[in-house]
Every structure is written in C-alpha cells, then in structure tokens.
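What follows is the content of target35.csv (CSV, N, CA and C atoms).
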```csv
chain,number,residue,atom,x,y,z
A,1,MET,N,-143.4,59.0,-122.1
A,1,MET,CA,-143.0,57.7,-122.5
A,1,MET,C,-144.1,56.7,-122.0
A,2,LEU,N,-144.6,55.9,-123.0
A,2,LEU,CA,-145.5,54.9,-122.6
A,2,LEU,C,-144.7,53.6,-122.6
A,3,GLN,N,-145.1,52.7,-121.6
A,3,GLN,CA,-144.3,51.5,-121.4
A,3,GLN,C,-145.2,50.4,-120.9
A,4,LEU,N,-144.9,49.2,-121.5
A,4,LEU,CA,-145.6,47.9,-121.0
A,4,LEU,C,-144.4,47.0,-120.7
A,5,THR,N,-144.3,46.6,-119.4
A,5,THR,CA,-143.3,45.6,-119.0
A,5,THR,C,-143.9,44.2,-118.9
A,6,ASN,N,-143.1,43.2,-119.0
A,6,ASN,CA,-143.5,41.8,-118.9
A,6,ASN,C,-144.6,41.5,-119.9
A,7,VAL,N,-144.5,42.0,-121.2
A,7,VAL,CA,-145.5,41.7,-122.2
A,7,VAL,C,-145.6,40.2,-122.5
A,8,VAL,N,-144.4,39.6,-122.7
A,8,VAL,CA,-144.3,38.2,-123.1
A,8,VAL,C,-143.1,37.6,-122.4
A,9,THR,N,-143.2,36.3,-122.1
A,9,THR,CA,-142.1,35.6,-121.6
A,9,THR,C,-142.1,34.3,-122.4
A,10,ASP,N,-140.9,34.0,-123.0
A,10,ASP,CA,-140.7,32.8,-123.8
A,10,ASP,C,-139.4,32.1,-123.5
A,11,ARG,N,-139.5,30.9,-123.0
A,11,ARG,CA,-138.3,30.1,-122.7
A,11,ARG,C,-137.2,30.9,-121.9
A,12,GLY,N,-137.7,31.7,-121.0
A,12,GLY,CA,-136.8,32.4,-120.1
A,12,GLY,C,-136.6,33.9,-120.5
A,13,SER,N,-136.7,34.2,-121.8
A,13,SER,CA,-136.6,35.5,-122.3
A,13,SER,C,-137.8,36.3,-121.9
A,14,LYS,N,-137.5,37.6,-121.5
A,14,LYS,CA,-138.6,38.5,-121.1
A,14,LYS,C,-138.6,39.7,-122.0
A,15,TYR,N,-139.8,40.2,-122.3
A,15,TYR,CA,-140.0,41.3,-123.3
A,15,TYR,C,-140.7,42.4,-122.7
A,16,ALA,N,-140.4,43.6,-123.1
A,16,ALA,CA,-141.1,44.8,-122.7
A,16,ALA,C,-141.2,45.7,-124.0
A,17,VAL,N,-142.1,46.7,-124.0
A,17,VAL,CA,-142.2,47.6,-125.1
A,17,VAL,C,-142.4,49.0,-124.6
A,18,SER,N,-141.7,49.9,-125.2
A,18,SER,CA,-141.8,51.4,-124.8
A,18,SER,C,-142.0,52.2,-126.1
A,19,GLY,N,-142.5,53.4,-126.0
A,19,GLY,CA,-142.6,54.3,-127.1
A,19,GLY,C,-143.0,55.7,-126.8
A,20,GLY,N,-142.9,56.5,-127.8
A,20,GLY,CA,-143.3,57.9,-127.6
A,20,GLY,C,-143.1,58.7,-128.9
A,21,PRO,N,-143.6,59.9,-128.9
A,21,PRO,CA,-143.4,60.8,-130.1
A,21,PRO,C,-142.0,61.2,-130.3
A,22,VAL,N,-141.5,61.1,-131.6
A,22,VAL,CA,-140.3,61.7,-132.0
A,22,VAL,C,-140.4,62.2,-133.4
A,23,THR,N,-139.6,63.2,-133.7
A,23,THR,CA,-139.8,63.9,-135.1
A,23,THR,C,-138.6,63.8,-135.9
A,24,ASP,N,-137.4,63.3,-135.4
A,24,ASP,CA,-136.2,63.2,-136.2
A,24,ASP,C,-135.3,62.2,-135.5
A,25,ARG,N,-134.1,62.0,-136.1
A,25,ARG,CA,-133.1,61.0,-135.6
A,25,ARG,C,-132.6,61.5,-134.2
A,26,LYS,N,-132.4,62.8,-134.1
A,26,LYS,CA,-131.9,63.3,-132.8
A,26,LYS,C,-132.9,63.0,-131.7
A,27,ALA,N,-134.1,63.1,-131.9
A,27,ALA,CA,-135.2,62.8,-130.9
A,27,ALA,C,-135.2,61.3,-130.6
A,28,ALA,N,-135.0,60.5,-131.7
A,28,ALA,CA,-135.0,59.1,-131.5
A,28,ALA,C,-133.8,58.7,-130.6
A,29,ASP,N,-132.7,59.2,-130.9
A,29,ASP,CA,-131.5,58.9,-130.1
A,29,ASP,C,-131.7,59.4,-128.6
A,30,SER,N,-132.3,60.5,-128.4
A,30,SER,CA,-132.6,61.1,-127.1
A,30,SER,C,-133.6,60.1,-126.4
A,31,PHE,N,-134.6,59.6,-127.1
A,31,PHE,CA,-135.5,58.7,-126.4
A,31,PHE,C,-134.8,57.5,-125.9
A,32,LEU,N,-134.0,56.9,-126.8
A,32,LEU,CA,-133.2,55.7,-126.4
A,32,LEU,C,-132.3,56.0,-125.2
A,33,LYS,N,-131.7,57.1,-125.2
A,33,LYS,CA,-130.8,57.5,-124.1
A,33,LYS,C,-131.6,57.6,-122.8
A,34,THR,N,-132.7,58.2,-122.9
A,34,THR,CA,-133.6,58.3,-121.7
A,34,THR,C,-134.1,56.9,-121.2
A,35,LEU,N,-134.4,56.1,-122.1
A,35,LEU,CA,-134.9,54.7,-121.8
A,35,LEU,C,-133.7,54.0,-121.0
A,36,LYS,N,-132.5,54.1,-121.5
A,36,LYS,CA,-131.4,53.4,-121.0
A,36,LYS,C,-130.9,54.0,-119.7
A,37,ARG,N,-131.4,55.1,-119.3
A,37,ARG,CA,-131.1,55.7,-117.9
A,37,ARG,C,-131.6,54.7,-116.8
A,38,ASP,N,-132.7,54.0,-117.2
A,38,ASP,CA,-133.2,53.0,-116.3
A,38,ASP,C,-132.2,51.8,-116.4
A,39,LYS,N,-131.5,51.4,-115.3
A,39,LYS,CA,-130.5,50.4,-115.3
A,39,LYS,C,-131.1,49.1,-115.9
A,40,LYS,N,-132.3,48.8,-115.6
A,40,LYS,CA,-132.9,47.5,-116.1
A,40,LYS,C,-132.9,47.5,-117.6
A,41,PHE,N,-133.2,48.6,-118.2
A,41,PHE,CA,-133.2,48.6,-119.7
A,41,PHE,C,-131.8,48.8,-120.3
A,42,ALA,N,-130.9,49.4,-119.6
A,42,ALA,CA,-129.5,49.6,-120.0
A,42,ALA,C,-128.8,48.2,-120.0
A,43,LYS,N,-129.2,47.3,-119.1
A,43,LYS,CA,-128.6,46.0,-119.0
A,43,LYS,C,-129.3,44.9,-119.9
A,44,ALA,N,-130.4,45.3,-120.6
A,44,ALA,CA,-131.1,44.4,-121.4
A,44,ALA,C,-130.2,43.9,-122.5
A,45,THR,N,-130.5,42.7,-123.0
A,45,THR,CA,-129.7,42.1,-124.1
A,45,THR,C,-129.9,42.9,-125.4
A,46,HIS,N,-131.2,43.2,-125.7
A,46,HIS,CA,-131.5,44.0,-126.9
A,46,HIS,C,-132.5,45.1,-126.6
A,47,ASN,N,-132.3,46.2,-127.2
A,47,ASN,CA,-133.3,47.3,-127.3
A,47,ASN,C,-133.5,47.6,-128.8
A,48,THR,N,-134.4,46.8,-129.5
A,48,THR,CA,-134.6,47.1,-130.9
A,48,THR,C,-135.7,48.1,-131.1
A,49,TRP,N,-135.6,48.9,-132.1
A,49,TRP,CA,-136.5,50.0,-132.3
A,49,TRP,C,-136.7,50.4,-133.7
A,50,ALA,N,-137.8,51.1,-134.0
A,50,ALA,CA,-138.0,51.7,-135.3
A,50,ALA,C,-139.0,52.9,-135.1
A,51,VAL,N,-138.9,53.8,-136.1
A,51,VAL,CA,-139.8,54.9,-136.2
A,51,VAL,C,-139.9,55.3,-137.7
A,52,LEU,N,-141.1,55.6,-138.1
A,52,LEU,CA,-141.4,56.1,-139.5
A,52,LEU,C,-141.7,57.6,-139.4
A,53,LEU,N,-140.8,58.4,-139.8
A,53,LEU,CA,-141.0,59.9,-139.8
A,53,LEU,C,-142.0,60.3,-140.7
A,54,SER,N,-142.6,61.4,-140.4
A,54,SER,CA,-143.8,61.9,-141.3
A,54,SER,C,-143.3,62.3,-142.7
A,55,ASP,N,-142.0,62.5,-142.9
A,55,ASP,CA,-141.6,62.7,-144.3
A,55,ASP,C,-141.3,61.4,-145.0
A,56,GLY,N,-141.6,60.3,-144.4
A,56,GLY,CA,-141.5,59.0,-145.0
A,56,GLY,C,-140.2,58.3,-144.7
A,57,THR,N,-139.3,59.0,-144.0
A,57,THR,CA,-138.0,58.4,-143.7
A,57,THR,C,-138.1,57.3,-142.6
A,58,PRO,N,-137.7,56.1,-142.9
A,58,PRO,CA,-137.7,55.0,-141.9
A,58,PRO,C,-136.4,55.0,-141.2
A,59,LEU,N,-136.4,54.9,-139.9
A,59,LEU,CA,-135.2,54.7,-139.0
A,59,LEU,C,-135.4,53.4,-138.2
A,60,LYS,N,-134.4,52.7,-138.0
A,60,LYS,CA,-134.5,51.5,-137.2
A,60,LYS,C,-133.1,51.1,-136.6
A,61,GLY,N,-133.2,50.3,-135.6
A,61,GLY,CA,-132.0,49.8,-135.0
A,61,GLY,C,-132.2,48.4,-134.4
A,62,ASP,N,-131.4,47.4,-134.8
A,62,ASP,CA,-131.5,46.0,-134.3
A,62,ASP,C,-130.9,45.7,-133.0
A,63,ASP,N,-129.9,46.5,-132.6
A,63,ASP,CA,-129.2,46.3,-131.3
A,63,ASP,C,-128.8,44.8,-131.1
A,64,GLY,N,-128.3,44.2,-132.2
A,64,GLY,CA,-127.9,42.8,-132.1
A,64,GLY,C,-128.9,41.7,-132.3
A,65,GLU,N,-130.2,42.1,-132.5
A,65,GLU,CA,-131.3,41.2,-132.7
A,65,GLU,C,-131.6,41.3,-134.2
A,66,SER,N,-130.8,40.8,-135.1
A,66,SER,CA,-130.8,41.0,-136.5
A,66,SER,C,-132.2,40.8,-137.1
A,67,GLY,N,-132.7,41.9,-137.8
A,67,GLY,CA,-134.0,41.8,-138.5
A,67,GLY,C,-135.1,42.3,-137.7
A,68,ALA,N,-135.0,42.5,-136.3
A,68,ALA,CA,-136.1,42.9,-135.5
A,68,ALA,C,-136.5,44.3,-135.8
A,69,GLY,N,-135.6,45.2,-136.1
A,69,GLY,CA,-136.0,46.6,-136.3
A,69,GLY,C,-136.9,46.7,-137.6
A,70,MET,N,-136.6,45.9,-138.6
A,70,MET,CA,-137.5,45.9,-139.8
A,70,MET,C,-138.9,45.3,-139.5
A,71,VAL,N,-139.0,44.3,-138.6
A,71,VAL,CA,-140.3,43.8,-138.2
A,71,VAL,C,-141.1,44.9,-137.6
A,72,ILE,N,-140.5,45.7,-136.7
A,72,ILE,CA,-141.2,46.8,-136.0
A,72,ILE,C,-141.6,47.9,-137.1
A,73,LEU,N,-140.7,48.2,-137.9
A,73,LEU,CA,-140.9,49.2,-139.0
A,73,LEU,C,-142.1,48.8,-139.9
A,74,ARG,N,-142.1,47.6,-140.3
A,74,ARG,CA,-143.2,47.1,-141.2
A,74,ARG,C,-144.6,47.2,-140.5
A,75,MET,N,-144.6,46.9,-139.2
A,75,MET,CA,-145.8,47.0,-138.4
A,75,MET,C,-146.3,48.5,-138.3
A,76,LEU,N,-145.3,49.4,-138.1
A,76,LEU,CA,-145.6,50.8,-138.0
A,76,LEU,C,-146.2,51.3,-139.3
A,77,GLU,N,-145.6,50.9,-140.4
A,77,GLU,CA,-146.1,51.3,-141.8
A,77,GLU,C,-147.5,50.8,-142.0
A,78,ARG,N,-147.8,49.5,-141.6
A,78,ARG,CA,-149.1,49.0,-141.8
A,78,ARG,C,-150.2,49.8,-141.0
A,79,GLU,N,-149.8,50.2,-139.8
A,79,GLU,CA,-150.7,51.0,-138.9
A,79,GLU,C,-150.8,52.4,-139.3
A,80,GLY,N,-149.8,52.9,-140.2
A,80,GLY,CA,-149.8,54.3,-140.5
A,80,GLY,C,-149.3,55.2,-139.3
A,81,LEU,N,-148.6,54.6,-138.4
A,81,LEU,CA,-148.1,55.3,-137.2
A,81,LEU,C,-146.8,56.0,-137.5
A,82,GLN,N,-146.9,57.3,-137.6
A,82,GLN,CA,-145.7,58.1,-137.9
A,82,GLN,C,-145.2,59.0,-136.8
A,83,ASP,N,-143.9,59.4,-136.8
A,83,ASP,CA,-143.4,60.2,-135.8
A,83,ASP,C,-143.6,59.6,-134.3
A,84,HIS,N,-143.5,58.3,-134.2
A,84,HIS,CA,-143.7,57.6,-133.0
A,84,HIS,C,-142.7,56.4,-132.9
A,85,ILE,N,-141.7,56.5,-132.0
A,85,ILE,CA,-140.8,55.4,-131.8
A,85,ILE,C,-141.4,54.3,-131.0
A,86,VAL,N,-141.0,53.1,-131.4
A,86,VAL,CA,-141.4,51.9,-130.6
A,86,VAL,C,-140.2,51.1,-130.4
A,87,VAL,N,-139.9,50.8,-129.1
A,87,VAL,CA,-138.7,50.0,-128.7
A,87,VAL,C,-139.1,48.7,-128.1
A,88,VAL,N,-138.7,47.6,-128.6
A,88,VAL,CA,-138.9,46.3,-128.0
A,88,VAL,C,-137.7,45.9,-127.3
A,89,THR,N,-137.8,45.6,-126.0
A,89,THR,CA,-136.6,45.3,-125.1
A,89,THR,C,-136.7,43.8,-124.8
A,90,ARG,N,-135.6,43.1,-124.9
A,90,ARG,CA,-135.5,41.7,-124.6
A,90,ARG,C,-134.4,41.4,-123.6
A,91,TRP,N,-134.7,40.7,-122.6
A,91,TRP,CA,-133.7,40.2,-121.7
A,91,TRP,C,-133.6,38.7,-122.0
A,92,TYR,N,-132.4,38.3,-122.5
A,92,TYR,CA,-132.2,36.9,-122.9
A,92,TYR,C,-132.3,35.9,-121.8
A,93,GLY,N,-133.0,34.8,-122.0
A,93,GLY,CA,-133.3,33.9,-120.9
A,93,GLY,C,-132.4,32.6,-121.0
A,94,GLY,N,-131.5,32.6,-121.9
A,94,GLY,CA,-130.6,31.4,-122.0
A,94,GLY,C,-130.9,30.4,-123.1
A,95,THR,N,-132.1,30.5,-123.7
A,95,THR,CA,-132.4,29.6,-124.8
A,95,THR,C,-132.7,30.4,-126.0
A,96,LYS,N,-132.1,30.0,-127.1
A,96,LYS,CA,-132.3,30.7,-128.4
A,96,LYS,C,-133.7,30.4,-128.9
A,97,LEU,N,-134.3,31.4,-129.4
A,97,LEU,CA,-135.7,31.3,-129.8
A,97,LEU,C,-135.9,31.1,-131.3
A,98,GLY,N,-134.8,31.3,-132.1
A,98,GLY,CA,-134.9,31.1,-133.5
A,98,GLY,C,-135.9,32.1,-134.1
A,99,GLY,N,-136.7,31.7,-135.1
A,99,GLY,CA,-137.7,32.6,-135.7
A,99,GLY,C,-138.8,33.1,-134.8
A,100,ASP,N,-139.0,32.3,-133.7
A,100,ASP,CA,-140.0,32.8,-132.7
A,100,ASP,C,-139.7,34.1,-132.1
A,101,ARG,N,-138.5,34.6,-132.2
A,101,ARG,CA,-138.2,35.9,-131.6
A,101,ARG,C,-138.9,37.0,-132.4
A,102,PHE,N,-139.1,36.8,-133.7
A,102,PHE,CA,-139.8,37.8,-134.4
A,102,PHE,C,-141.3,37.8,-134.0
A,103,ARG,N,-141.9,36.7,-133.7
A,103,ARG,CA,-143.3,36.6,-133.2
A,103,ARG,C,-143.4,37.3,-131.9
A,104,ARG,N,-142.4,37.2,-131.0
A,104,ARG,CA,-142.5,37.9,-129.8
A,104,ARG,C,-142.4,39.4,-130.0
A,105,VAL,N,-141.5,39.8,-130.9
A,105,VAL,CA,-141.4,41.3,-131.2
A,105,VAL,C,-142.8,41.8,-131.7
A,106,GLN,N,-143.4,41.0,-132.6
A,106,GLN,CA,-144.8,41.4,-133.1
A,106,GLN,C,-145.8,41.4,-132.0
A,107,ASP,N,-145.7,40.5,-131.1
A,107,ASP,CA,-146.6,40.5,-129.9
A,107,ASP,C,-146.5,41.8,-129.1
A,108,CYS,N,-145.3,42.2,-128.9
A,108,CYS,CA,-145.0,43.4,-128.2
A,108,CYS,C,-145.5,44.7,-128.9
A,109,VAL,N,-145.3,44.7,-130.2
A,109,VAL,CA,-145.7,45.9,-131.0
A,109,VAL,C,-147.2,45.9,-131.0
A,110,ARG,N,-147.9,44.8,-131.2
A,110,ARG,CA,-149.3,44.7,-131.2
A,110,ARG,C,-149.9,45.2,-129.9
A,111,ALA,N,-149.3,44.8,-128.7
A,111,ALA,CA,-149.8,45.2,-127.4
A,111,ALA,C,-149.6,46.7,-127.3
A,112,TYR,N,-148.5,47.3,-127.8
A,112,TYR,CA,-148.3,48.7,-127.7
A,112,TYR,C,-149.3,49.5,-128.5
A,113,ILE,N,-149.5,49.0,-129.7
A,113,ILE,CA,-150.5,49.7,-130.6
A,113,ILE,C,-151.9,49.6,-130.0
A,114,GLY,N,-152.2,48.5,-129.4
A,114,GLY,CA,-153.5,48.3,-128.8
A,114,GLY,C,-153.6,49.3,-127.6
A,115,MET,N,-152.6,49.5,-126.9
A,115,MET,CA,-152.6,50.5,-125.8
A,115,MET,C,-152.8,51.9,-126.3
A,116,LEU,N,-152.2,52.2,-127.4
A,116,LEU,CA,-152.4,53.5,-128.0
A,116,LEU,C,-153.8,53.8,-128.5
A,117,SER,N,-154.4,52.8,-129.0
A,117,SER,CA,-155.8,53.0,-129.6
A,117,SER,C,-156.9,52.7,-128.5
A,118,ALA,N,-156.5,52.3,-127.3
A,118,ALA,CA,-157.5,52.1,-126.3
A,118,ALA,C,-158.0,53.4,-125.7
```
Once you've parsed the file, please lay out its structure as structure tokens.
Amino acid sequence: MLQLTNVVTDRGSKYAVSGGPVTDRKAADSFLKTLKRDKKFAKATHNTWAVLLSDGTPLKGDDGESGAGMVILRMLEREGLQDHIVVVTRWYGGTKLGGDRFRRVQDCVRAYIGMLSA
C-alpha cells in the first residue's frame, strides 16, 4: 500500500491519499478493509475511492462525499491507470468546502499519480 498523508489542508479539513494494485471488486473491498484497520482512517469522515479494472469495469465509492468517486475515476481513466485503487481520505474540519472539495480530491489524486511515476 502506498500512502501520502497530509497532502492538503483546506479550512480545517485534512486529506490523505492511499492506493495499491487490485484486480477485482473483492480485492478493492479487501484493500478498503485493510486501510480502515488503521483507526485514524476508520474514523475519517470520508474514504472515497475508485478503480478502473483492466476489463474496462469502473468501480467507485463516494462514502458520503457525493460525486468524489467519479472525480477519481475520471482521473484514472485519463492516466490509463488500470487495476489500481486510489482512495482519498478526508477528515472534516468543520467548514463546508462546496465545489472546492473536488479540487482537493484532484490535488490528492495528482500527488498520488506523481508519486507513482517518480
């Protein structure tokens, strides 16, 4: 599992990004379960995620952050990154971010993809 913590902070909300190889829904569920074994991530407000399987099947989860899974999925499609789950974690800081929350999700995914290609 690759992980970047404290990627972005915006109005009190803190973000982290995690990811790793998965080949099907069962592996994606297992990855999320492993991530949430860490109490810090289990207590997060949102763990949004997406993966594009090599057969073209898109999987995503918003975990209450409506639309965030699709943002991650679109970025994975643009990068051509398949069979690799990306999870953006948010700890809510008390102030609603509105549309800026999608920019923070993009920031996290960009940082993760940059770490992969480094």
Open item on the list: Residues near region 90-93 of chain A, anyone? I mean within 12 Å using only C-alpha atoms, not counting same-chain ones fewer than 2 positions away, as number ranges by chain.
Closed with: A: 5-18, 40-49, 62-65, 68, 87-88, 95-97, 101-102, 104-105, 108
Proximity of region 51-80 of chain A to region 23-39 of chain A: per-residue shortest pair, 8 Å limit, all atoms listed in the file, as a Markdown table:
```
| residue | atom | partner | partner_atom | distance |
| --- | --- | --- | --- | --- |
| A:Val51 | CA | A:Ala28 | CA | 7.9 |
| A:Leu52 | C | A:Thr23 | C | 7.8 |
| A:Leu53 | CA | A:Thr23 | C | 6.0 |
| A:Ser54 | N | A:Thr23 | C | 6.5 |
| A:Asp55 | N | A:Thr23 | C | 7.9 |
| A:Leu59 | CA | A:Arg25 | CA | 7.5 |
```
- [ ] Starting from the point (-148.3, 57.8, -127.3), work out which residues of protein, DNA or RNA have an atom no more than 8 Å away when counting only N, CA and C atoms; state them as a PyMOL selection string.
- [x] chain A and resi 1-2+19-21+84+115-116
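Note that CA of Asp100 (chain A) and CA of Ser117 (chain A) are 25.8 Å apart.
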So that I can check the secondary structure, give me every residue of chain A assigned helix (DSSP H, G or I) by backbone DSSP, as a short mmCIF file (atom, residue, chain, number, x, y, z; two decimals) with N, CA and C atoms, in the frame of the given file.
```cif
data_model
loop_
_atom_site.label_atom_id
_atom_site.label_comp_id
_atom_site.auth_asym_id
_atom_site.auth_seq_id
_atom_site.Cartn_x
_atom_site.Cartn_y
_atom_site.Cartn_z
N ARG A 25 -134.10 62.00 -136.10
CA ARG A 25 -133.10 61.00 -135.60
C ARG A 25 -132.60 61.50 -134.20
N LYS A 26 -132.40 62.80 -134.10
CA LYS A 26 -131.90 63.30 -132.80
C LYS A 26 -132.90 63.00 -131.70
N ALA A 27 -134.10 63.10 -131.90
CA ALA A 27 -135.20 62.80 -130.90
C ALA A 27 -135.20 61.30 -130.60
N ALA A 28 -135.00 60.50 -131.70
CA ALA A 28 -135.00 59.10 -131.50
C ALA A 28 -133.80 58.70 -130.60
N ASP A 29 -132.70 59.20 -130.90
CA ASP A 29 -131.50 58.90 -130.10
C ASP A 29 -131.70 59.40 -128.60
N SER A 30 -132.30 60.50 -128.40
CA SER A 30 -132.60 61.10 -127.10
C SER A 30 -133.60 60.10 -126.40
N PHE A 31 -134.60 59.60 -127.10
CA PHE A 31 -135.50 58.70 -126.40
C PHE A 31 -134.80 57.50 -125.90
N LEU A 32 -134.00 56.90 -126.80
CA LEU A 32 -133.20 55.70 -126.40
C LEU A 32 -132.30 56.00 -125.20
N LYS A 33 -131.70 57.10 -125.20
CA LYS A 33 -130.80 57.50 -124.10
C LYS A 33 -131.60 57.60 -122.80
N THR A 34 -132.70 58.20 -122.90
CA THR A 34 -133.60 58.30 -121.70
C THR A 34 -134.10 56.90 -121.20
N LEU A 35 -134.40 56.10 -122.10
CA LEU A 35 -134.90 54.70 -121.80
C LEU A 35 -133.70 54.00 -121.00
N LYS A 39 -131.50 51.40 -115.30
CA LYS A 39 -130.50 50.40 -115.30
C LYS A 39 -131.10 49.10 -115.90
N LYS A 40 -132.30 48.80 -115.60
CA LYS A 40 -132.90 47.50 -116.10
C LYS A 40 -132.90 47.50 -117.60
N PHE A 41 -133.20 48.60 -118.20
CA PHE A 41 -133.20 48.60 -119.70
C PHE A 41 -131.80 48.80 -120.30
N ALA A 42 -130.90 49.40 -119.60
CA ALA A 42 -129.50 49.60 -120.00
C ALA A 42 -128.80 48.20 -120.00
N ALA A 68 -135.00 42.50 -136.30
CA ALA A 68 -136.10 42.90 -135.50
C ALA A 68 -136.50 44.30 -135.80
N GLY A 69 -135.60 45.20 -136.10
CA GLY A 69 -136.00 46.60 -136.30
C GLY A 69 -136.90 46.70 -137.60
N MET A 70 -136.60 45.90 -138.60
CA MET A 70 -137.50 45.90 -139.80
C MET A 70 -138.90 45.30 -139.50
N VAL A 71 -139.00 44.30 -138.60
CA VAL A 71 -140.30 43.80 -138.20
C VAL A 71 -141.10 44.90 -137.60
N ILE A 72 -140.50 45.70 -136.70
CA ILE A 72 -141.20 46.80 -136.00
C ILE A 72 -141.60 47.90 -137.10
N LEU A 73 -140.70 48.20 -137.90
CA LEU A 73 -140.90 49.20 -139.00
C LEU A 73 -142.10 48.80 -139.90
N ARG A 74 -142.10 47.60 -140.30
CA ARG A 74 -143.20 47.10 -141.20
C ARG A 74 -144.60 47.20 -140.50
N MET A 75 -144.60 46.90 -139.20
CA MET A 75 -145.80 47.00 -138.40
C MET A 75 -146.30 48.50 -138.30
N LEU A 76 -145.30 49.40 -138.10
CA LEU A 76 -145.60 50.80 -138.00
C LEU A 76 -146.20 51.30 -139.30
N GLU A 77 -145.60 50.90 -140.40
CA GLU A 77 -146.10 51.30 -141.80
C GLU A 77 -147.50 50.80 -142.00
N ARG A 78 -147.80 49.50 -141.60
CA ARG A 78 -149.10 49.00 -141.80
C ARG A 78 -150.20 49.80 -141.00
N GLU A 79 -149.80 50.20 -139.80
CA GLU A 79 -150.70 51.00 -138.90
C GLU A 79 -150.80 52.40 -139.30
N ASP A 100 -139.00 32.30 -133.70
CA ASP A 100 -140.00 32.80 -132.70
C ASP A 100 -139.70 34.10 -132.10
N ARG A 101 -138.50 34.60 -132.20
CA ARG A 101 -138.20 35.90 -131.60
C ARG A 101 -138.90 37.00 -132.40
N PHE A 102 -139.10 36.80 -133.70
CA PHE A 102 -139.80 37.80 -134.40
C PHE A 102 -141.30 37.80 -134.00
N ARG A 103 -141.90 36.70 -133.70
CA ARG A 103 -143.30 36.60 -133.20
C ARG A 103 -143.40 37.30 -131.90
N ARG A 104 -142.40 37.20 -131.00
CA ARG A 104 -142.50 37.90 -129.80
C ARG A 104 -142.40 39.40 -130.00
N VAL A 105 -141.50 39.80 -130.90
CA VAL A 105 -141.40 41.30 -131.20
C VAL A 105 -142.80 41.80 -131.70
N GLN A 106 -143.40 41.00 -132.60
CA GLN A 106 -144.80 41.40 -133.10
C GLN A 106 -145.80 41.40 -132.00
N ASP A 107 -145.70 40.50 -131.10
CA ASP A 107 -146.60 40.50 -129.90
C ASP A 107 -146.50 41.80 -129.10
N CYS A 108 -145.30 42.20 -128.90
CA CYS A 108 -145.00 43.40 -128.20
C CYS A 108 -145.50 44.70 -128.90
N VAL A 109 -145.30 44.70 -130.20
CA VAL A 109 -145.70 45.90 -131.00
C VAL A 109 -147.20 45.90 -131.00
N ARG A 110 -147.90 44.80 -131.20
CA ARG A 110 -149.30 44.70 -131.20
C ARG A 110 -149.90 45.20 -129.90
N ALA A 111 -149.30 44.80 -128.70
CA ALA A 111 -149.80 45.20 -127.40
C ALA A 111 -149.60 46.70 -127.30
N TYR A 112 -148.50 47.30 -127.80
CA TYR A 112 -148.30 48.70 -127.70
C TYR A 112 -149.30 49.50 -128.50
N ILE A 113 -149.50 49.00 -129.70
CA ILE A 113 -150.50 49.70 -130.60
C ILE A 113 -151.90 49.60 -130.00
N GLY A 114 -152.20 48.50 -129.40
CA GLY A 114 -153.50 48.30 -128.80
C GLY A 114 -153.60 49.30 -127.60
N MET A 115 -152.60 49.50 -126.90
CA MET A 115 -152.60 50.50 -125.80
C MET A 115 -152.80 51.90 -126.30
N LEU A 116 -152.20 52.20 -127.40
CA LEU A 116 -152.40 53.50 -128.00
C LEU A 116 -153.80 53.80 -128.50
N SER A 117 -154.40 52.80 -129.00
CA SER A 117 -155.80 53.00 -129.60
C SER A 117 -156.90 52.70 -128.50
#
```
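The interatomic distance for the pair CA of Thr89 (chain A) and CA of Ile113 (chain A) works out to 15.6 Å.
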- [ ] Calculate how many Å separate atom N of Ile72 (chain A) from atom C of Gln106 (chain A), rounding to one decimal.
- [x] 8.3 Å
Taking the structure in the block just given, could you write region 87-99 of chain A with N, CA and C atoms, as a PDB file, in the first residue's frame?
```pdb
ATOM      1  N   VAL A  87      -7.636   5.799  -3.067  1.00  0.00           N
ATOM      2  CA  VAL A  87      -8.566   6.192  -2.006  1.00  0.00           C
ATOM      3  C   VAL A  87      -8.159   7.571  -1.491  1.00  0.00           C
ATOM      4  N   VAL A  88      -9.079   8.518  -1.554  1.00  0.00           N
ATOM      5  CA  VAL A  88      -8.838   9.848  -0.987  1.00  0.00           C
ATOM      6  C   VAL A  88      -9.613   9.929   0.326  1.00  0.00           C
ATOM      7  N   THR A  89      -8.891  10.204   1.397  1.00  0.00           N
ATOM      8  CA  THR A  89      -9.471  10.261   2.738  1.00  0.00           C
ATOM      9  C   THR A  89      -9.574  11.714   3.185  1.00  0.00           C
ATOM     10  N   ARG A  90     -10.741  12.058   3.750  1.00  0.00           N
ATOM     11  CA  ARG A  90     -10.949  13.419   4.264  1.00  0.00           C
ATOM     12  C   ARG A  90     -11.406  13.352   5.706  1.00  0.00           C
ATOM     13  N   TRP A  91     -10.746  14.162   6.520  1.00  0.00           N
ATOM     14  CA  TRP A  91     -11.188  14.393   7.889  1.00  0.00           C
ATOM     15  C   TRP A  91     -11.813  15.777   7.897  1.00  0.00           C
ATOM     16  N   TYR A  92     -13.111  15.853   8.104  1.00  0.00           N
ATOM     17  CA  TYR A  92     -13.862  17.109   8.031  1.00  0.00           C
ATOM     18  C   TYR A  92     -13.399  18.075   9.108  1.00  0.00           C
ATOM     19  N   GLY A  93     -13.181  19.327   8.690  1.00  0.00           N
ATOM     20  CA  GLY A  93     -12.650  20.324   9.606  1.00  0.00           C
ATOM     21  C   GLY A  93     -13.662  21.305  10.151  1.00  0.00           C
ATOM     22  N   GLY A  94     -14.955  21.119   9.851  1.00  0.00           N
ATOM     23  CA  GLY A  94     -15.964  21.996  10.418  1.00  0.00           C
ATOM     24  C   GLY A  94     -16.505  23.052   9.480  1.00  0.00           C
ATOM     25  N   THR A  95     -15.861  23.239   8.317  1.00  0.00           N
ATOM     26  CA  THR A  95     -16.337  24.227   7.349  1.00  0.00           C
ATOM     27  C   THR A  95     -16.618  23.519   6.030  1.00  0.00           C
ATOM     28  N   LYS A  96     -17.813  23.735   5.486  1.00  0.00           N
ATOM     29  CA  LYS A  96     -18.152  23.125   4.202  1.00  0.00           C
ATOM     30  C   LYS A  96     -17.303  23.759   3.107  1.00  0.00           C
ATOM     31  N   LEU A  97     -16.798  22.921   2.201  1.00  0.00           N
ATOM     32  CA  LEU A  97     -15.907  23.400   1.146  1.00  0.00           C
ATOM     33  C   LEU A  97     -16.619  23.635  -0.182  1.00  0.00           C
ATOM     34  N   GLY A  98     -17.863  23.192  -0.277  1.00  0.00           N
ATOM     35  CA  GLY A  98     -18.597  23.358  -1.537  1.00  0.00           C
ATOM     36  C   GLY A  98     -17.857  22.643  -2.668  1.00  0.00           C
ATOM     37  N   GLY A  99     -17.818  23.263  -3.835  1.00  0.00           N
ATOM     38  CA  GLY A  99     -17.158  22.677  -5.000  1.00  0.00           C
ATOM     39  C   GLY A  99     -15.656  22.521  -4.843  1.00  0.00           C
TER      40      GLY A  99
END
```
